[in-house]
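Source file: input-v6.cif. Holds: mmCIF, C-alpha atoms.
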```
data_start
#
loop_
_atom_site.group_PDB
_atom_site.id
_atom_site.type_symbol
_atom_site.label_atom_id
_atom_site.label_comp_id
_atom_site.auth_asym_id
_atom_site.auth_seq_id
_atom_site.Cartn_x
_atom_site.Cartn_y
_atom_site.Cartn_z
ATOM 1 C CA MET A 1 132.890 -8.618 106.872
ATOM 2 C CA LYS A 2 129.945 -10.880 106.035
ATOM 3 C CA ASN A 3 127.783 -9.116 108.614
ATOM 4 C CA ARG A 4 128.624 -5.735 107.075
ATOM 5 C CA LYS A 5 127.616 -7.010 103.620
ATOM 6 C CA ARG A 6 124.312 -8.315 104.991
ATOM 7 C CA ILE A 7 123.562 -5.021 106.738
ATOM 8 C CA PHE A 8 124.448 -3.076 103.567
ATOM 9 C CA ALA A 9 122.194 -5.332 101.460
ATOM 10 C CA ALA A 10 119.326 -4.899 103.908
ATOM 11 C CA LEU A 11 119.701 -1.115 103.808
ATOM 12 C CA LEU A 12 119.609 -1.194 100.008
ATOM 13 C CA MET A 13 116.374 -3.176 100.064
ATOM 14 C CA LEU A 14 114.788 -0.768 102.551
ATOM 15 C CA SER A 15 115.826 2.286 100.563
ATOM 16 C CA ALA A 16 114.593 0.733 97.303
ATOM 17 C CA GLY A 17 111.148 -0.052 98.737
ATOM 18 C CA PRO A 18 109.570 3.409 98.485
ATOM 19 C CA LEU A 19 111.141 3.982 95.068
ATOM 20 C CA ALA A 20 109.695 0.758 93.755
ATOM 21 C CA ILE A 21 106.244 1.672 95.043
ATOM 22 C CA ALA A 22 106.458 5.191 93.625
ATOM 23 C CA GLY A 23 107.554 3.866 90.258
ATOM 24 C CA THR A 24 104.551 1.556 89.959
ATOM 25 C CA SER A 25 101.921 3.741 91.593
ATOM 26 C CA THR A 26 98.491 3.506 89.967
ATOM 27 C CA ASN A 27 95.083 4.914 90.629
ATOM 28 C CA THR A 28 94.183 1.986 92.855
ATOM 29 C CA LEU A 29 91.117 3.660 94.368
ATOM 30 C CA GLY A 30 89.646 4.464 90.958
ATOM 31 C CA GLU A 31 90.352 0.965 89.672
ATOM 32 C CA LYS A 32 88.878 -0.617 92.798
ATOM 33 C CA ILE A 33 85.626 1.345 92.545
ATOM 34 C CA THR A 34 85.448 0.710 88.801
ATOM 35 C CA ARG A 35 85.889 -3.050 89.112
ATOM 36 C CA LYS A 36 84.460 -3.827 92.553
ATOM 37 C CA GLY A 37 82.389 -0.828 93.608
ATOM 38 C CA THR A 38 81.944 0.263 97.206
ATOM 39 C CA GLY A 39 79.569 -0.828 99.931
ATOM 40 C CA ASP A 40 76.815 1.392 98.502
ATOM 41 C CA VAL A 41 77.760 1.610 94.836
ATOM 42 C CA PRO A 42 78.155 -1.351 92.454
ATOM 43 C CA ALA A 43 81.117 -1.628 90.096
ATOM 44 C CA CYS A 44 81.119 1.007 87.351
ATOM 45 C CA ALA A 45 82.381 -1.721 85.000
ATOM 46 C CA ILE A 46 78.989 -3.430 85.027
ATOM 47 C CA CYS A 47 77.736 -0.745 82.650
ATOM 48 C CA HIS A 48 80.815 1.089 81.386
ATOM 49 C CA GLY A 49 83.308 -1.805 81.184
ATOM 50 C CA ASP A 50 86.590 -2.464 83.010
ATOM 51 C CA HIS A 51 88.408 -0.122 80.648
ATOM 52 C CA GLY A 52 85.589 2.286 79.880
ATOM 53 C CA GLU A 53 84.681 0.660 76.586
ATOM 54 C CA GLY A 54 80.950 1.165 77.201
ATOM 55 C CA ASN A 55 78.163 -1.006 75.826
ATOM 56 C CA ILE A 56 76.732 -0.192 72.396
ATOM 57 C CA LYS A 57 73.727 -2.535 72.633
ATOM 58 C CA ALA A 58 72.684 -1.388 76.103
ATOM 59 C CA GLY A 59 73.363 2.278 75.322
ATOM 60 C CA TYR A 60 75.972 2.839 78.025
ATOM 61 C CA PRO A 61 78.544 5.435 76.910
ATOM 62 C CA ARG A 62 82.250 4.898 76.385
ATOM 63 C CA LEU A 63 84.341 6.731 78.987
ATOM 64 C CA ALA A 64 87.851 5.571 78.092
ATOM 65 C CA GLY A 65 90.248 8.360 77.268
ATOM 66 C CA MET A 66 87.814 11.154 78.138
ATOM 67 C CA ASN A 67 89.134 14.267 79.817
ATOM 68 C CA ALA A 68 89.258 13.673 83.602
ATOM 69 C CA GLU A 69 88.005 17.175 84.408
ATOM 70 C CA TYR A 70 85.044 16.672 82.104
ATOM 71 C CA LEU A 71 84.152 13.312 83.666
ATOM 72 C CA ASP A 72 84.487 14.726 87.167
ATOM 73 C CA GLN A 73 82.313 17.701 86.214
ATOM 74 C CA GLN A 74 79.576 15.400 84.915
ATOM 75 C CA MET A 75 79.681 13.302 88.092
ATOM 76 C CA THR A 76 79.317 16.484 90.133
ATOM 77 C CA LEU A 77 76.329 17.558 88.048
ATOM 78 C CA TYR A 78 74.702 14.182 88.727
ATOM 79 C CA ALA A 79 75.491 14.465 92.442
ATOM 80 C CA GLN A 80 73.883 17.922 92.545
ATOM 81 C CA ASP A 81 70.798 16.742 90.604
ATOM 82 C CA GLU A 82 71.617 19.154 87.784
ATOM 83 C CA ARG A 83 72.081 16.380 85.236
ATOM 84 C CA LYS A 84 69.315 13.800 85.231
ATOM 85 C CA ASN A 85 69.699 10.042 85.261
ATOM 86 C CA ARG A 86 68.174 8.178 88.181
ATOM 87 C CA ILE A 87 70.945 5.607 88.487
ATOM 88 C CA MET A 88 73.829 8.007 87.973
ATOM 89 C CA GLN A 89 72.354 10.579 90.348
ATOM 90 C CA GLU A 90 72.038 7.980 93.095
ATOM 91 C CA TYR A 91 75.558 6.586 92.660
ATOM 92 C CA ALA A 92 77.256 9.960 92.253
ATOM 93 C CA GLN A 93 75.661 11.142 95.494
ATOM 94 C CA LYS A 94 76.905 8.082 97.369
ATOM 95 C CA LEU A 95 80.504 8.512 96.181
ATOM 96 C CA SER A 96 82.717 11.045 97.921
ATOM 97 C CA ILE A 97 84.360 13.885 96.001
ATOM 98 C CA ALA A 98 87.675 12.003 96.178
ATOM 99 C CA GLU A 99 86.077 8.779 94.934
ATOM 100 C CA ARG A 100 84.406 10.518 92.004
ATOM 101 C CA ARG A 101 87.709 12.123 91.074
ATOM 102 C CA ALA A 102 89.545 8.797 91.335
ATOM 103 C CA VAL A 103 87.079 7.068 88.993
ATOM 104 C CA SER A 104 87.310 9.990 86.541
ATOM 105 C CA ASP A 105 91.109 9.800 86.552
ATOM 106 C CA TYR A 106 91.023 6.025 86.098
ATOM 107 C CA TYR A 107 88.796 6.130 83.023
ATOM 108 C CA ALA A 108 90.671 9.116 81.589
ATOM 109 C CA ASN A 109 93.850 7.052 81.619
ATOM 110 C CA GLN A 110 92.358 4.080 79.798
ATOM 111 C CA THR A 111 93.045 3.599 76.097
ATOM 112 C CA ALA A 112 90.074 4.473 73.950
ATOM 113 C CA HIS A 113 89.230 2.435 70.889
ATOM 114 C CA SER A 114 89.801 4.656 67.885
ATOM 115 C CA SER A 115 86.569 4.712 65.910
ATOM 116 C CA HIS A 116 87.278 5.810 62.358
ATOM 117 C CA ILE A 117 84.311 7.337 60.595
ATOM 118 C CA ASP A 118 84.382 6.779 56.845
ATOM 119 C CA LEU A 119 82.447 9.724 55.476
ATOM 120 C CA GLN A 120 82.211 8.077 52.060
ATOM 121 C CA THR A 121 79.943 5.355 53.468
ATOM 122 C CA LEU A 122 77.508 7.755 55.155
ATOM 123 C CA LEU A 123 74.383 9.364 53.836
ATOM 124 C CA PRO A 124 75.354 12.750 52.309
ATOM 125 C CA GLN A 125 73.233 14.671 54.829
ATOM 126 C CA ALA A 126 75.011 13.075 57.804
ATOM 127 C CA ALA A 127 78.458 13.488 56.249
ATOM 128 C CA LYS A 128 77.786 17.158 55.570
ATOM 129 C CA LEU A 129 76.675 17.861 59.143
ATOM 130 C CA LEU A 130 79.787 16.161 60.502
ATOM 131 C CA GLN A 131 82.214 17.902 58.176
ATOM 132 C CA VAL A 132 80.547 21.185 57.187
ATOM 133 C CA GLY A 133 77.551 21.684 59.465
ATOM 134 C CA ALA A 134 74.632 23.826 58.338
ATOM 135 C CA PRO A 135 75.991 27.392 58.213
ATOM 136 C CA ASN A 136 72.687 28.817 56.943
ATOM 137 C CA ARG A 137 71.117 27.717 60.258
ATOM 138 C CA GLY A 138 74.063 28.641 62.454
ATOM 139 C CA ILE A 139 75.122 25.012 63.019
ATOM 140 C CA PRO A 140 78.891 24.406 63.022
ATOM 141 C CA SER A 141 80.276 21.070 61.878
ATOM 142 C CA CYS A 142 80.454 18.404 64.579
ATOM 143 C CA PHE A 143 84.123 17.811 63.795
ATOM 144 C CA SER A 144 85.044 21.475 64.251
ATOM 145 C CA CYS A 145 84.595 21.034 68.011
ATOM 146 C CA HIS A 146 84.802 17.302 68.634
ATOM 147 C CA GLY A 147 87.914 16.588 66.581
ATOM 148 C CA ASP A 148 88.503 15.729 62.930
ATOM 149 C CA ASN A 149 87.007 12.278 63.439
ATOM 150 C CA GLY A 150 84.825 12.901 66.476
ATOM 151 C CA GLN A 151 87.456 11.675 68.928
ATOM 152 C CA GLY A 152 87.157 14.649 71.299
ATOM 153 C CA ASN A 153 90.140 16.547 72.625
ATOM 154 C CA LYS A 154 92.245 17.060 75.742
ATOM 155 C CA ASP A 155 90.584 20.401 76.465
ATOM 156 C CA GLY A 156 87.510 18.597 77.734
ATOM 157 C CA ILE A 157 85.315 18.357 74.642
ATOM 158 C CA ALA A 158 83.841 14.875 74.771
ATOM 159 C CA PRO A 159 84.280 12.260 72.035
ATOM 160 C CA ILE A 160 81.195 11.506 69.996
ATOM 161 C CA ALA A 161 82.591 8.809 67.705
ATOM 162 C CA GLY A 162 81.921 5.292 68.919
ATOM 163 C CA GLN A 163 79.187 6.293 71.348
ATOM 164 C CA PRO A 164 75.936 4.277 71.343
ATOM 165 C CA ALA A 165 73.323 5.794 69.045
ATOM 166 C CA ILE A 166 70.614 5.603 71.696
ATOM 167 C CA TYR A 167 72.846 7.440 74.182
ATOM 168 C CA PHE A 168 73.580 10.196 71.639
ATOM 169 C CA ILE A 169 69.866 10.636 70.922
ATOM 170 C CA HIS A 170 69.004 10.764 74.621
ATOM 171 C CA GLN A 171 71.609 13.451 75.284
ATOM 172 C CA MET A 172 70.549 15.575 72.331
ATOM 173 C CA ASN A 173 66.948 15.381 73.494
ATOM 174 C CA ALA A 174 68.017 16.323 77.011
ATOM 175 C CA TRP A 175 69.559 19.493 75.583
ATOM 176 C CA ARG A 176 66.521 20.120 73.376
ATOM 177 C CA PHE A 177 64.204 20.106 76.386
ATOM 178 C CA ASP A 178 66.575 21.876 78.822
ATOM 179 C CA GLU A 179 67.048 18.723 80.906
ATOM 180 C CA ARG A 180 70.832 18.780 80.680
ATOM 181 C CA PRO A 181 72.841 21.799 81.896
ATOM 182 C CA VAL A 182 75.361 23.499 79.672
ATOM 183 C CA THR A 183 78.343 25.513 80.783
ATOM 184 C CA GLU A 184 78.728 29.117 79.681
ATOM 185 C CA GLY A 185 79.617 29.296 76.011
ATOM 186 C CA ASN A 186 78.654 25.670 75.316
ATOM 187 C CA PRO A 187 76.582 25.707 72.110
ATOM 188 C CA MET A 188 75.075 22.216 72.428
ATOM 189 C CA ALA A 189 71.660 23.314 73.684
ATOM 190 C CA VAL A 190 71.251 25.692 70.737
ATOM 191 C CA ILE A 191 72.546 23.136 68.226
ATOM 192 C CA ALA A 192 70.314 20.350 69.566
ATOM 193 C CA LYS A 193 67.249 22.589 69.295
ATOM 194 C CA THR A 194 68.141 23.645 65.764
ATOM 195 C CA LEU A 195 68.744 20.154 64.381
ATOM 196 C CA THR A 196 65.704 18.184 63.277
ATOM 197 C CA LEU A 197 64.858 14.853 64.896
ATOM 198 C CA LYS A 198 65.765 13.143 61.633
ATOM 199 C CA GLU A 199 69.170 14.832 61.585
ATOM 200 C CA ILE A 200 69.856 13.801 65.189
ATOM 201 C CA ALA A 201 69.017 10.184 64.345
ATOM 202 C CA LEU A 202 71.224 10.280 61.229
ATOM 203 C CA LEU A 203 74.159 11.643 63.234
ATOM 204 C CA ALA A 204 73.647 9.155 66.040
ATOM 205 C CA HIS A 205 73.878 6.132 63.758
ATOM 206 C CA ALA A 206 76.689 7.628 61.679
ATOM 207 C CA LEU A 207 78.813 8.237 64.771
ATOM 208 C CA GLN A 208 78.102 4.856 66.367
#
```

What is this file in structure tokens?
Amino acid sequence: MKNRKRIFAALLMLSAGPLAIAGTSTNTLGEKITRKGTGDVPACAICHGDHGEGNIKAGYPRLAGMNAEYLDQQMTLYAQDERKNRIMQEYAQKLSIAERRAVSDYYANQTAHSSHIDLQTLLPQAAKLLQVGAPNRGIPSCFSCHGDNGQGNKDGIAPIAGQPAIYFIHQMNAWRFDERPVTEGNPMAVIAKTLTLKEIALLAHALQ
């Protein structure tokens, strides 16, 4: 009788093993690359943080909570030399398609810090561009696409709130000078060229 009980208990443990693993499965590849890197690529966390929090002072963007498809698309653009950044181009090319996807999924599943933008504390010109835009120049409000507080959305439109000001300025200039590709229907290149340099700087610091 005791032997039967032991055999039954052992079978239960064996059958529970795969269920336990499935119940706690995580994106281990994405986390590993993010925190430890690979043989050719250093840890993503060095610049973007363990949880994608970014680095305001250094100008490295926040990735936490971004749409995974969007992140993967940007990595592909770097890998194909269509989006320019010497470091990101090199690392994206050294990562496999599966590795790039794993890192994108990992950061997409991290909790983003909710950056609340208090419009009352901003310069009127910046607040108007965020909330109303400049209809007379064909510029929609930033919030009309990027969310009611610049937090982005699940459809792949990136968050702009909480991003480093220097990063925002660099990206807007990349669109101004056709150095960053845009997908069909994406209005950013037109908007960036229509905004003045002063307006871009105002928005960058307001959003940061």

Can you turn the PyMOL selection byres ((chain A and resi 115) around 7) into a concrete residue list for this file, as a compact mmCIF listing (two decimals) with C-alpha atoms, in the frame of the given file?
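In the end it all went to selection30.txt:
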```
# COMPACT_ATOMS: atom_id res chain seq x y z
CA HIS A 113 89.23 2.44 70.89
CA SER A 114 89.80 4.66 67.89
CA HIS A 116 87.28 5.81 62.36
CA ILE A 117 84.31 7.34 60.60
CA ALA A 161 82.59 8.81 67.70
CA GLY A 162 81.92 5.29 68.92
```

**Asked** Given the choices A:Asp118, A:Glu199, A:Glu53, A:Glu179, which gets closest to Leu77 of chain A if the distance is worked out from all atoms listed in the file?
**Response**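 The closest residue to Leu77 of chain A is A:Glu179.
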
In Å and to one decimal, atom CA of Ile200 of chain A is distant from atom CA of Tyr70 of chain A by 22.9 Å

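You can rank A:Asp50, A:Glu90, A:Glu69, A:Asp148 by their closest distance to Ala108 of chain A using only C-alpha atoms, and at the top of that list sits A:Glu69.
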
My list of candidates is A:Ala126, A:Arg176, A:Ala92, A:Pro61. Which is closest to Lys198 of chain A when distances are computed with only C-alpha atoms?
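The closest residue to Lys198 of chain A is A:Ala126.
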
Judged by all atoms listed in the file, the minimum distance to Ala158 of chain A among A:Ala64, A:Val103, A:Ala43, A:Ala127 is found for A:Ala64
